[in-house]
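Structure first, then comments.
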Amino acid sequence: MVFAVRHTDVMLKLLGAPHRTDLVTSALRLAQALLDEGAAVQVWACGDATALTCAAFGDSKPVNVAERTVDHPSTATVIRELLTAYPDRLDWYVCRFCCAERGRSEQIAEVLKRPPSQFWQHVRATGKVVAMGVC
């Protein structure tokens with residue numbers, strides 16, 4: 001089966017551990033702003049950034065002992081909602097090798113796993129690439 005990468009205006013390439021910096025909020029805010037302006041966006045998560053959409057984390061973050069009654073969505077839930085809101089203009093991909101290497105092969109259903117050897121197809125199918133995180 002041949003996989004065709006949909007053309008996008010911008011590709012956000014997320015690298016590294018998302019918990020060490022403001023990578024997650026920066027990437028999600030940038031994606032949301034681009035989508036609000038009508039752009040088509042694809043996200044490629046590599047390395048530890050594949051944890052953002054790991055299905056094992058569930059829909060909610062662990063209970064905050066200071067606010068036991070407040071439900072805080074996991075990053076996977078936030079990303080799923082973004083993908084659902086913009087199905088024709090947002091695609092989220094994770095590196096298959098990075099997922100497997102880190103024990104995160106089970107991703108949310110809306111995310112596609114791609115082999116690293118096909119990354120070039122994604123670069124060719126976008127107008128601009130913005131690398132975020134450790135390069």
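We label chains A, B, ... in the order they appear in the structure tokens, count residues from 1 in each chain, and number ligands from 1 in the order shown.
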* Asked: DSSP on the backbone: what in chain A comes out helix (DSSP H, G or I), as a ChimeraX atom specification?
  -> /A:23-36,47-53,55-57,75-85,96-101,116-124
* Write out as a PyMOL selection string each polymer residue whose atoms come within 10 Å of segment 36-47 of chain A, counting only C-alpha atoms; drop sequence neighbours fewer than 3 positions from it. => chain A and resi 5-18+27-28+30-33+50-53+86-99+101-102+111-114+116+119+122-123+125-134
* If we count only C-alpha atoms, what is near Gln107 of chain A at a cut-off of 8 Å, once residues fewer than 5 positions away on the same chain are taken out, given as a list in words? ->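 What passes the distance filter is Thr53, Cys54, Ala55 and Ala56 of chain A.
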* To do: Please measure the separation of atom CA of Arg20 of chain A and atom CA of Ala49 of chain A, giving the value in Å to one decimal.
  =>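 Atom-to-atom, atom CA of Arg20 of chain A and atom CA of Ala49 of chain A are spaced 10.7 Å apart.
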* To do: Could you check which of A:Glu110, A:Gln118, A:Glu67, A:Gly58 is closest to Ile79 of chain A, using only C-alpha atoms?
  =>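 For Ile79 of chain A, the nearest of the candidates is A:Glu110.
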* Which is closer to Glu81 of chain A than all the others in A:Ala4, A:Ala100, A:Ile108, A:Val63, using only C-alpha atoms? ->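 The shortest atom-to-atom distance to Glu81 of chain A comes from A:Ile108.
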